[in-house]
>>> print(open('entry_17.cif').read())   # mmCIF, C-alpha atoms and all ligand atoms
data_model
loop_
_atom_site.group_PDB
_atom_site.id
_atom_site.type_symbol
_atom_site.label_atom_id
_atom_site.label_comp_id
_atom_site.auth_asym_id
_atom_site.auth_seq_id
_atom_site.Cartn_x
_atom_site.Cartn_y
_atom_site.Cartn_z
ATOM 1 C CA LEU A 1 48.585 3.897 -17.403
ATOM 2 C CA ALA A 2 51.665 2.745 -15.496
ATOM 3 C CA LEU A 3 49.535 2.040 -12.452
ATOM 4 C CA GLU A 4 47.004 0.209 -14.626
ATOM 5 C CA SER A 5 49.536 -2.274 -16.005
ATOM 6 C CA GLU A 6 51.063 -2.693 -12.562
ATOM 7 C CA LEU A 7 47.624 -3.442 -11.134
ATOM 8 C CA ARG A 8 46.913 -5.960 -13.878
ATOM 9 C CA ARG A 9 50.155 -7.731 -13.021
ATOM 10 C CA ALA A 10 49.307 -7.536 -9.318
ATOM 11 C CA VAL A 11 46.192 -9.638 -9.917
ATOM 12 C CA GLU A 12 48.135 -12.158 -12.031
ATOM 13 C CA ARG A 13 51.022 -12.390 -9.562
ATOM 14 C CA GLY A 14 48.792 -12.869 -6.547
ATOM 15 C CA GLU A 15 49.750 -9.602 -4.872
ATOM 16 C CA LEU A 16 46.214 -8.916 -3.664
ATOM 17 C CA GLU A 17 45.145 -9.908 -0.177
ATOM 18 C CA LEU A 18 41.986 -9.666 1.836
ATOM 19 C CA HIS A 19 41.945 -8.476 5.398
ATOM 20 C CA TYR A 20 38.896 -9.000 7.583
ATOM 21 C CA GLN A 21 37.469 -6.581 10.123
ATOM 22 C CA PRO A 22 35.372 -8.375 12.770
ATOM 23 C CA LYS A 23 31.778 -7.307 13.430
ATOM 24 C CA VAL A 24 30.336 -7.824 16.928
ATOM 25 C CA SER A 25 26.763 -8.079 18.185
ATOM 26 C CA PHE A 26 25.356 -6.139 21.140
ATOM 27 C CA PRO A 27 25.151 -6.531 24.087
ATOM 28 C CA HIS A 28 27.834 -9.223 24.491
ATOM 29 C CA HIS A 29 30.262 -8.217 21.699
ATOM 30 C CA GLU A 30 30.166 -11.683 20.132
ATOM 31 C CA VAL A 31 31.876 -11.968 16.759
ATOM 32 C CA VAL A 32 29.097 -12.503 14.199
ATOM 33 C CA GLY A 33 30.981 -11.818 11.010
ATOM 34 C CA SER A 34 33.531 -9.642 9.278
ATOM 35 C CA GLU A 35 33.980 -7.241 6.372
ATOM 36 C CA ALA A 36 36.496 -8.269 3.719
ATOM 37 C CA LEU A 37 38.778 -5.343 2.829
ATOM 38 C CA LEU A 38 41.147 -5.460 -0.110
ATOM 39 C CA ARG A 39 44.869 -4.632 0.104
ATOM 40 C CA TRP A 40 47.661 -4.724 -2.459
ATOM 41 C CA ARG A 41 51.011 -6.065 -1.254
ATOM 42 C CA ARG A 42 53.063 -4.097 -3.770
ATOM 43 C CA ALA A 43 56.657 -5.159 -4.291
ATOM 44 C CA GLY A 44 59.060 -2.605 -2.871
ATOM 45 C CA VAL A 45 56.256 -0.483 -1.443
ATOM 46 C CA GLY A 46 54.359 -2.525 1.134
ATOM 47 C CA LEU A 47 50.670 -2.736 1.851
ATOM 48 C CA VAL A 48 48.672 -0.322 -0.332
ATOM 49 C CA PRO A 49 45.180 0.646 0.940
ATOM 50 C CA PRO A 50 42.178 0.345 -1.406
ATOM 51 C CA ASN A 51 41.555 4.086 -1.734
ATOM 52 C CA ASP A 52 44.918 4.323 -3.518
ATOM 53 C CA PHE A 53 44.104 1.813 -6.273
ATOM 54 C CA ILE A 54 40.378 1.008 -6.434
ATOM 55 C CA PRO A 55 39.514 4.257 -8.258
ATOM 56 C CA VAL A 56 41.991 3.288 -11.015
ATOM 57 C CA ALA A 57 40.649 -0.265 -11.061
ATOM 58 C CA GLU A 58 37.154 1.180 -11.505
ATOM 59 C CA GLU A 59 38.140 3.567 -14.307
ATOM 60 C CA THR A 60 39.922 0.845 -16.232
ATOM 61 C CA GLY A 61 37.351 -1.887 -15.649
ATOM 62 C CA LEU A 62 39.949 -4.024 -13.866
ATOM 63 C CA ILE A 63 37.643 -3.945 -10.862
ATOM 64 C CA VAL A 64 35.547 -6.686 -12.460
ATOM 65 C CA ASP A 65 38.340 -9.305 -12.395
ATOM 66 C CA MET A 66 39.568 -7.957 -9.093
ATOM 67 C CA GLY A 67 36.077 -8.053 -7.625
ATOM 68 C CA ASN A 68 35.615 -11.668 -8.740
ATOM 69 C CA TRP A 69 38.899 -12.559 -7.049
ATOM 70 C CA VAL A 70 37.669 -10.830 -3.860
ATOM 71 C CA LEU A 71 34.364 -12.721 -3.968
ATOM 72 C CA ARG A 72 36.074 -16.094 -4.461
ATOM 73 C CA GLU A 73 38.584 -15.459 -1.689
ATOM 74 C CA ALA A 74 35.916 -14.200 0.744
ATOM 75 C CA CYS A 75 33.614 -17.147 -0.044
ATOM 76 C CA ARG A 76 36.469 -19.593 0.612
ATOM 77 C CA ALA A 77 37.041 -17.967 4.002
ATOM 78 C CA ALA A 78 33.314 -18.037 4.801
ATOM 79 C CA ALA A 79 33.141 -21.740 3.885
ATOM 80 C CA GLU A 80 36.055 -22.404 6.224
ATOM 81 C CA TRP A 81 34.661 -20.356 9.133
ATOM 82 C CA ASN A 82 31.195 -21.909 8.867
ATOM 83 C CA ALA A 83 32.425 -25.434 8.202
ATOM 84 C CA GLY A 84 30.121 -26.788 10.929
ATOM 85 C CA GLY A 85 27.169 -25.769 8.773
ATOM 86 C CA GLU A 86 25.672 -23.195 11.112
ATOM 87 C CA ALA A 87 25.792 -19.557 10.020
ATOM 88 C CA LEU A 88 28.275 -18.480 12.689
ATOM 89 C CA HIS A 89 30.253 -15.947 10.697
ATOM 90 C CA LYS A 90 28.859 -13.914 7.830
ATOM 91 C CA VAL A 91 31.420 -12.338 5.498
ATOM 92 C CA SER A 92 30.615 -8.988 3.840
ATOM 93 C CA VAL A 93 32.096 -8.039 0.474
ATOM 94 C CA ASN A 94 32.147 -4.550 -1.074
ATOM 95 C CA LEU A 95 30.897 -4.329 -4.659
ATOM 96 C CA SER A 96 31.590 -1.440 -7.047
ATOM 97 C CA ALA A 97 28.920 -0.054 -9.347
ATOM 98 C CA ARG A 98 31.057 -1.161 -12.300
ATOM 99 C CA GLN A 99 30.557 -4.797 -11.298
ATOM 100 C CA PHE A 100 26.806 -4.376 -11.791
ATOM 101 C CA GLU A 101 27.386 -3.298 -15.385
ATOM 102 C CA SER A 102 28.531 -6.782 -16.345
ATOM 103 C CA HIS A 103 25.373 -8.645 -17.148
ATOM 104 C CA ASP A 104 26.525 -11.958 -15.724
ATOM 105 C CA LEU A 105 27.161 -10.744 -12.148
ATOM 106 C CA VAL A 106 24.397 -12.934 -10.699
ATOM 107 C CA SER A 107 25.570 -16.095 -12.453
ATOM 108 C CA VAL A 108 29.212 -15.372 -11.577
ATOM 109 C CA VAL A 109 28.317 -15.032 -7.893
ATOM 110 C CA GLY A 110 26.271 -18.236 -8.100
ATOM 111 C CA ALA A 111 29.202 -20.087 -9.680
ATOM 112 C CA ILE A 112 31.597 -18.814 -6.995
ATOM 113 C CA LEU A 113 29.237 -20.009 -4.241
ATOM 114 C CA ASP A 114 29.096 -23.467 -5.851
ATOM 115 C CA GLU A 115 32.825 -23.638 -6.427
ATOM 116 C CA THR A 116 33.777 -22.614 -2.877
ATOM 117 C CA GLY A 117 31.022 -24.421 -0.975
ATOM 118 C CA CYS A 118 29.903 -21.120 0.524
ATOM 119 C CA ARG A 119 26.203 -21.034 1.411
ATOM 120 C CA PRO A 120 24.373 -17.863 0.399
ATOM 121 C CA GLU A 121 23.469 -17.081 4.011
ATOM 122 C CA TRP A 122 27.166 -16.791 4.855
ATOM 123 C CA LEU A 123 27.696 -13.946 2.386
ATOM 124 C CA GLU A 124 26.580 -10.312 2.424
ATOM 125 C CA LEU A 125 27.074 -7.885 -0.462
ATOM 126 C CA GLU A 126 27.758 -4.221 0.377
ATOM 127 C CA ILE A 127 26.649 -1.612 -2.117
ATOM 128 C CA THR A 128 26.613 2.176 -1.948
ATOM 129 C CA GLU A 129 23.630 4.492 -2.071
ATOM 130 C CA SER A 130 24.652 5.937 -5.439
ATOM 131 C CA LEU A 131 23.982 2.573 -7.129
ATOM 132 C CA LEU A 132 20.324 2.844 -6.127
ATOM 133 C CA LEU A 133 19.833 6.243 -7.741
ATOM 134 C CA GLU A 134 20.040 4.847 -11.224
ATOM 135 C CA GLU A 135 16.493 4.615 -12.384
ATOM 136 C CA ASP A 136 16.883 1.693 -14.739
ATOM 137 C CA GLY A 137 15.334 -1.493 -13.466
ATOM 138 C CA ALA A 138 18.463 -3.579 -13.967
ATOM 139 C CA ILE A 139 19.777 -2.914 -10.458
ATOM 140 C CA LEU A 140 16.441 -3.898 -8.917
ATOM 141 C CA THR A 141 16.394 -7.085 -11.004
ATOM 142 C CA THR A 142 19.944 -7.971 -9.950
ATOM 143 C CA LEU A 143 19.372 -7.265 -6.257
ATOM 144 C CA SER A 144 16.102 -9.222 -6.321
ATOM 145 C CA ALA A 145 17.948 -12.165 -7.866
ATOM 146 C CA PHE A 146 20.538 -12.028 -5.075
ATOM 147 C CA ARG A 147 17.744 -11.890 -2.488
ATOM 148 C CA ALA A 148 16.052 -14.891 -4.114
ATOM 149 C CA MET A 149 19.352 -16.804 -3.943
ATOM 150 C CA GLY A 150 19.458 -16.188 -0.178
ATOM 151 C CA LEU A 151 22.231 -13.575 -0.059
ATOM 152 C CA SER A 152 21.871 -10.458 2.037
ATOM 153 C CA ILE A 153 22.379 -6.912 0.805
ATOM 154 C CA ALA A 154 23.801 -4.049 2.876
ATOM 155 C CA ILE A 155 23.941 -0.326 2.131
ATOM 156 C CA ASP A 156 27.440 0.900 2.935
ATOM 157 C CA ASP A 157 28.243 4.400 4.268
ATOM 158 C CA PHE A 158 24.532 4.948 4.899
ATOM 159 C CA GLY A 159 23.654 8.612 5.383
ATOM 160 C CA THR A 160 26.563 10.176 3.538
ATOM 161 C CA GLY A 161 25.508 9.691 -0.066
ATOM 162 C CA TYR A 162 22.356 10.762 -1.816
ATOM 163 C CA SER A 163 20.199 9.208 0.860
ATOM 164 C CA SER A 164 16.657 8.783 -0.280
ATOM 165 C CA LEU A 165 13.927 7.135 1.721
ATOM 166 C CA SER A 166 12.223 5.937 -1.455
ATOM 167 C CA TYR A 167 14.949 3.438 -2.285
ATOM 168 C CA LEU A 168 14.513 1.833 1.133
ATOM 169 C CA ALA A 169 10.956 1.053 0.034
ATOM 170 C CA ARG A 170 11.860 -0.115 -3.484
ATOM 171 C CA PHE A 171 14.945 -2.265 -3.060
ATOM 172 C CA PRO A 172 15.475 -5.491 -1.094
ATOM 173 C CA ILE A 173 17.857 -4.183 1.584
ATOM 174 C CA ASP A 174 18.678 -6.325 4.634
ATOM 175 C CA THR A 175 21.226 -4.154 6.423
ATOM 176 C CA LEU A 176 22.076 -0.476 6.856
ATOM 177 C CA LYS A 177 25.690 0.295 7.708
ATOM 178 C CA ILE A 178 25.724 3.699 9.404
ATOM 179 C CA ASP A 179 28.709 5.678 8.217
ATOM 180 C CA LYS A 180 31.469 6.258 10.727
ATOM 181 C CA SER A 181 31.103 10.038 10.591
ATOM 182 C CA PHE A 182 27.609 9.732 12.167
ATOM 183 C CA VAL A 183 28.681 7.084 14.642
ATOM 184 C CA GLN A 184 31.622 9.096 15.874
ATOM 185 C CA LYS A 185 29.753 12.402 16.240
ATOM 186 C CA ALA A 186 26.663 10.862 17.856
ATOM 187 C CA ALA A 187 28.308 10.297 21.225
ATOM 188 C CA THR A 188 29.013 14.022 21.664
ATOM 189 C CA ASP A 189 26.714 15.945 19.307
ATOM 190 C CA ARG A 190 22.972 16.003 19.940
ATOM 191 C CA ARG A 191 21.857 16.459 16.339
ATOM 192 C CA HIS A 192 23.964 13.550 15.125
ATOM 193 C CA ALA A 193 22.673 11.477 18.036
ATOM 194 C CA GLU A 194 19.086 12.183 16.965
ATOM 195 C CA LEU A 195 19.878 11.259 13.351
ATOM 196 C CA VAL A 196 21.407 7.944 14.402
ATOM 197 C CA LYS A 197 18.332 7.227 16.532
ATOM 198 C CA ALA A 198 16.099 8.066 13.556
ATOM 199 C CA ILE A 199 18.054 5.688 11.302
ATOM 200 C CA LEU A 200 17.745 2.945 13.937
ATOM 201 C CA SER A 201 14.024 3.588 14.126
ATOM 202 C CA ILE A 202 13.501 3.428 10.350
ATOM 203 C CA ALA A 203 15.512 0.204 10.154
ATOM 204 C CA ARG A 204 13.517 -1.337 13.015
ATOM 205 C CA CYS A 205 10.231 -0.530 11.248
ATOM 206 C CA LEU A 206 11.494 -2.009 7.972
ATOM 207 C CA GLY A 207 12.937 -5.118 9.647
ATOM 208 C CA GLN A 208 16.490 -4.226 8.687
ATOM 209 C CA GLU A 209 19.614 -4.813 10.729
ATOM 210 C CA VAL A 210 21.871 -1.864 11.547
ATOM 211 C CA VAL A 211 25.655 -2.115 11.642
ATOM 212 C CA ALA A 212 27.497 0.870 13.131
ATOM 213 C CA GLU A 213 30.848 1.484 11.453
ATOM 214 C CA GLY A 214 33.922 3.165 12.858
ATOM 215 C CA VAL A 215 33.180 2.498 16.541
ATOM 216 C CA GLU A 216 36.294 3.694 18.348
ATOM 217 C CA THR A 217 35.249 4.443 21.941
ATOM 218 C CA ALA A 218 33.339 2.681 24.727
ATOM 219 C CA GLU A 219 31.088 5.746 24.919
ATOM 220 C CA GLN A 220 30.067 5.290 21.270
ATOM 221 C CA ALA A 221 29.364 1.587 21.871
ATOM 222 C CA VAL A 222 27.178 2.347 24.916
ATOM 223 C CA PHE A 223 25.171 4.931 22.979
ATOM 224 C CA LEU A 224 24.591 2.485 20.123
ATOM 225 C CA ARG A 225 23.607 -0.408 22.366
ATOM 226 C CA GLN A 226 21.222 1.758 24.400
ATOM 227 C CA ASN A 227 19.477 2.843 21.218
ATOM 228 C CA GLY A 228 18.928 -0.639 19.842
ATOM 229 C CA CYS A 229 21.783 -1.005 17.377
ATOM 230 C CA GLN A 230 22.455 -4.730 16.799
ATOM 231 C CA VAL A 231 25.983 -4.862 15.391
ATOM 232 C CA ALA A 232 29.186 -2.797 15.580
ATOM 233 C CA GLN A 233 32.451 -2.671 13.692
ATOM 234 C CA GLY A 234 35.461 -0.523 14.492
ATOM 235 C CA PHE A 235 38.879 -0.084 16.000
ATOM 236 C CA LEU A 236 37.430 -0.371 19.557
ATOM 237 C CA PHE A 237 37.060 -4.081 18.846
ATOM 238 C CA SER A 238 39.554 -4.784 16.079
ATOM 239 C CA ARG A 239 41.322 -3.373 13.065
ATOM 240 C CA PRO A 240 41.023 -5.314 9.813
ATOM 241 C CA LEU A 241 43.194 -8.443 10.221
ATOM 242 C CA PRO A 242 45.119 -10.619 7.782
ATOM 243 C CA LYS A 243 43.342 -13.962 7.383
ATOM 244 C CA PRO A 244 45.818 -16.004 9.478
ATOM 245 C CA ASP A 245 45.143 -13.701 12.458
ATOM 246 C CA MET A 246 41.412 -14.504 12.275
ATOM 247 C CA ALA A 247 42.128 -17.992 13.629
ATOM 248 C CA SER A 248 43.052 -16.594 17.050
ATOM 249 C CA LEU A 249 40.089 -14.235 17.305
ATOM 250 C CA PRO A 250 38.186 -14.501 20.596
ATOM 251 C CA ARG A 251 34.520 -15.571 20.261
ATOM 252 C CA ARG A 252 33.613 -12.356 22.022
ATOM 253 C CA PHE A 253 35.345 -9.110 22.868
ATOM 254 C CA ALA A 254 35.472 -7.565 26.361
HETATM 255 O O1 LIG B 1 40.078 -0.891 4.092
HETATM 256 P P1 LIG B 1 39.765 0.544 4.102
HETATM 257 O O2 LIG B 1 39.136 0.873 5.372
HETATM 258 O O3 LIG B 1 40.918 1.449 3.832
HETATM 259 O O4 LIG B 1 38.747 0.726 2.863
HETATM 260 C C1 LIG B 1 38.608 1.928 2.193
HETATM 261 C C2 LIG B 1 37.529 1.857 1.135
HETATM 262 O O5 LIG B 1 37.819 0.850 0.163
HETATM 263 C C3 LIG B 1 36.166 1.518 1.700
HETATM 264 O O6 LIG B 1 35.250 2.450 1.163
HETATM 265 C C4 LIG B 1 35.857 0.162 1.171
HETATM 266 O O7 LIG B 1 34.476 0.027 0.922
HETATM 267 C C5 LIG B 1 36.673 0.088 -0.110
HETATM 268 N N1 LIG B 1 37.012 -1.322 -0.379
HETATM 269 C C6 LIG B 1 37.744 -2.135 0.380
HETATM 270 N N2 LIG B 1 37.835 -3.366 -0.162
HETATM 271 C C7 LIG B 1 37.116 -3.321 -1.311
HETATM 272 C C8 LIG B 1 36.802 -4.286 -2.330
HETATM 273 O O8 LIG B 1 37.153 -5.462 -2.282
HETATM 274 N N3 LIG B 1 36.053 -3.850 -3.385
HETATM 275 C C9 LIG B 1 35.598 -2.579 -3.468
HETATM 276 N N4 LIG B 1 34.871 -2.253 -4.526
HETATM 277 N N5 LIG B 1 35.847 -1.648 -2.529
HETATM 278 C C10 LIG B 1 36.599 -2.012 -1.456
HETATM 279 O O1 LIG B 2 33.597 -0.051 3.081
HETATM 280 P P1 LIG B 2 33.835 1.101 3.985
HETATM 281 O O2 LIG B 2 33.845 2.438 3.365
HETATM 282 O O3 LIG B 2 32.868 1.110 5.097
HETATM 283 O O4 LIG B 2 35.268 0.797 4.591
HETATM 284 C C1 LIG B 2 35.522 0.754 5.913
HETATM 285 C C2 LIG B 2 36.709 1.667 6.147
HETATM 286 O O5 LIG B 2 36.686 2.177 7.465
HETATM 287 C C3 LIG B 2 38.016 0.956 5.982
HETATM 288 O O6 LIG B 2 38.922 1.837 5.411
HETATM 289 C C4 LIG B 2 38.400 0.648 7.434
HETATM 290 O O7 LIG B 2 39.789 0.457 7.599
HETATM 291 C C5 LIG B 2 37.908 1.894 8.109
HETATM 292 N N1 LIG B 2 37.632 1.701 9.532
HETATM 293 C C6 LIG B 2 37.196 0.592 10.115
HETATM 294 N N2 LIG B 2 37.025 0.777 11.451
HETATM 295 C C7 LIG B 2 37.373 2.062 11.699
HETATM 296 C C8 LIG B 2 37.397 2.869 12.870
HETATM 297 O O8 LIG B 2 37.049 2.452 13.969
HETATM 298 N N3 LIG B 2 37.791 4.157 12.715
HETATM 299 C C9 LIG B 2 38.167 4.678 11.520
HETATM 300 N N4 LIG B 2 38.563 5.946 11.489
HETATM 301 N N5 LIG B 2 38.148 3.953 10.376
HETATM 302 C C10 LIG B 2 37.755 2.664 10.465
HETATM 303 MN MN MN B 3 32.190 -1.441 3.359
HETATM 304 NA NA NA B 4 31.404 2.382 5.075
#
>>> encode(input="entry_17.cif", output="structure tokens", more="lines below")
Ligand code: G
Ligand code: G
Ligand code: MN
Ligand code: NA
Amino acid sequence: LALESELRRAVERGELELHYQPKVSFPHHEVVGSEALLRWRRAGVGLVPPNDFIPVAEETGLIVDMGNWVLREACRAAAEWNAGGEALHKVSVNLSARQFESHDLVSVVGAILDETGCRPEWLELEITESLLLEEDGAILTTLSAFRAMGLSIAIDDFGTGYSSLSYLARFPIDTLKIDKSFVQKAATDRRHAELVKAILSIARCLGQEVVAEGVETAEQAVFLRQNGCQVAQGFLFSRPLPKPDMASLPRRFA
């Protein structure tokens, strides 16, 4: 309860910040976008990572207000980074299942796009596999509405949850983000390598983009590129950066 009231105050006092981890395209490592990652600059403590407070925010329902703040902030950044009008830099935002329980999620996102001048094609929403297991049609309706608005939808941590091929057929999914545990083992372990290749093959057949997460070594990047992966994200290229640091980002990484 103490953490809950502290978190509530954190939102009101503006102690939340978004950091952005660049995503690069193969083969030239050009920056094509970034993932927005939430941090809490807690007085007297320092920067608190999301795993330490998002579970509490989810249990208490605070994640809804927090998530709307994240969306607004990320859309403002996307509007700034694509000010020329071309979709040069797509920003990805993580959504919690709890946010889908509020029935106005679609209209809230629409209002935030209008308010910030962010075009739908500059924003991607990341969801987890577990959201797609719920059999009620509400999730499909919501995701279809997002698709109709022109937003893209990514499955985060793909392969680690209750992966089911049937949801790839049922839901409008634009992007698969391969979980870092697969990416990191694939360079040295044959079975993981074959699984990553199989995921790339499924995505290719379904017309989906694949983003490899947690790329830390040149060897991992070479493996991914050679097997047709389009986009990578990881410490090899950049850690998540505070927004001011994004201004000095190179257009491509070595
Ligand atoms: O930033 P870091 O790599 O520590 O992120 C850890 C976890 O926190 C990841 O699973 C990420 O998806 C989640 N996360 C980060 N930012 C947000 C956010 O704004 N909303 C939600 N729901 N989850 C987030
Ligand atoms: O939303 P998601 O669960 O994918 O969150 C991404 C998480 O992965 C964040 O906590 C981010 O800091 C972390 N991350 C990003 N790049 C790397 C990497 O190259 N290696 C490792 N170990 N973690 C990473
Ligand atoms: Mn994510
Ligand atoms: Na992930």
>>> closest_residue(input="entry_17.cif", among="A:Ser181, A:Ser34, A:Ser5, A:Asn82", to="Cys118 of chain A", atoms="all atoms listed in the file")
A:Asn82
>>> residues_near_ligand(input="entry_17.cif", ligand="ligand NA 4 (chain B)", cutoff="7 Å", atoms="only C-alpha atoms and all ligand atoms", output="ChimeraX atom specification")
/A:156-157,177,179-180,213
>>> atom_distance(input="entry_17.cif", atom1="atom CA of Gly46 of chain A", atom2="atom CA of Ile127 of chain A")
27.9 Å
>>> atom_distance(input="entry_17.cif", atom1="atom CA of Ser248 of chain A", atom2="atom O2 of ligand LIG 2 (chain B)")
25.2 Å
>>> axis_aligned_box(input="entry_17.cif", around="segment 189-207 of chain A", padding_each_side="6 Å", output="lines of an AutoDock Vina configuration file")
center_x = 18.5
center_y = 5.7
center_z = 14.0
size_x = 28.5
size_y = 33.6
size_z = 24.0
>>> residues_around(input="entry_17.cif", residues="Ile199 of chain A", least_positions_apart="4", cutoff="9 Å", atoms="only C-alpha atoms", output="list of chain:residue names")
A:Gly159, A:Leu176, A:Ile178, A:Glu194, A:Leu195, A:Ala203, A:Arg204, A:Val210
>>> closest_residue(input="entry_17.cif", among="A:Glu124, A:Glu12, A:Glu73, A:Asp245", to="ligand MN 3 (chain B)", atoms="only C-alpha atoms and all ligand atoms")
A:Glu124
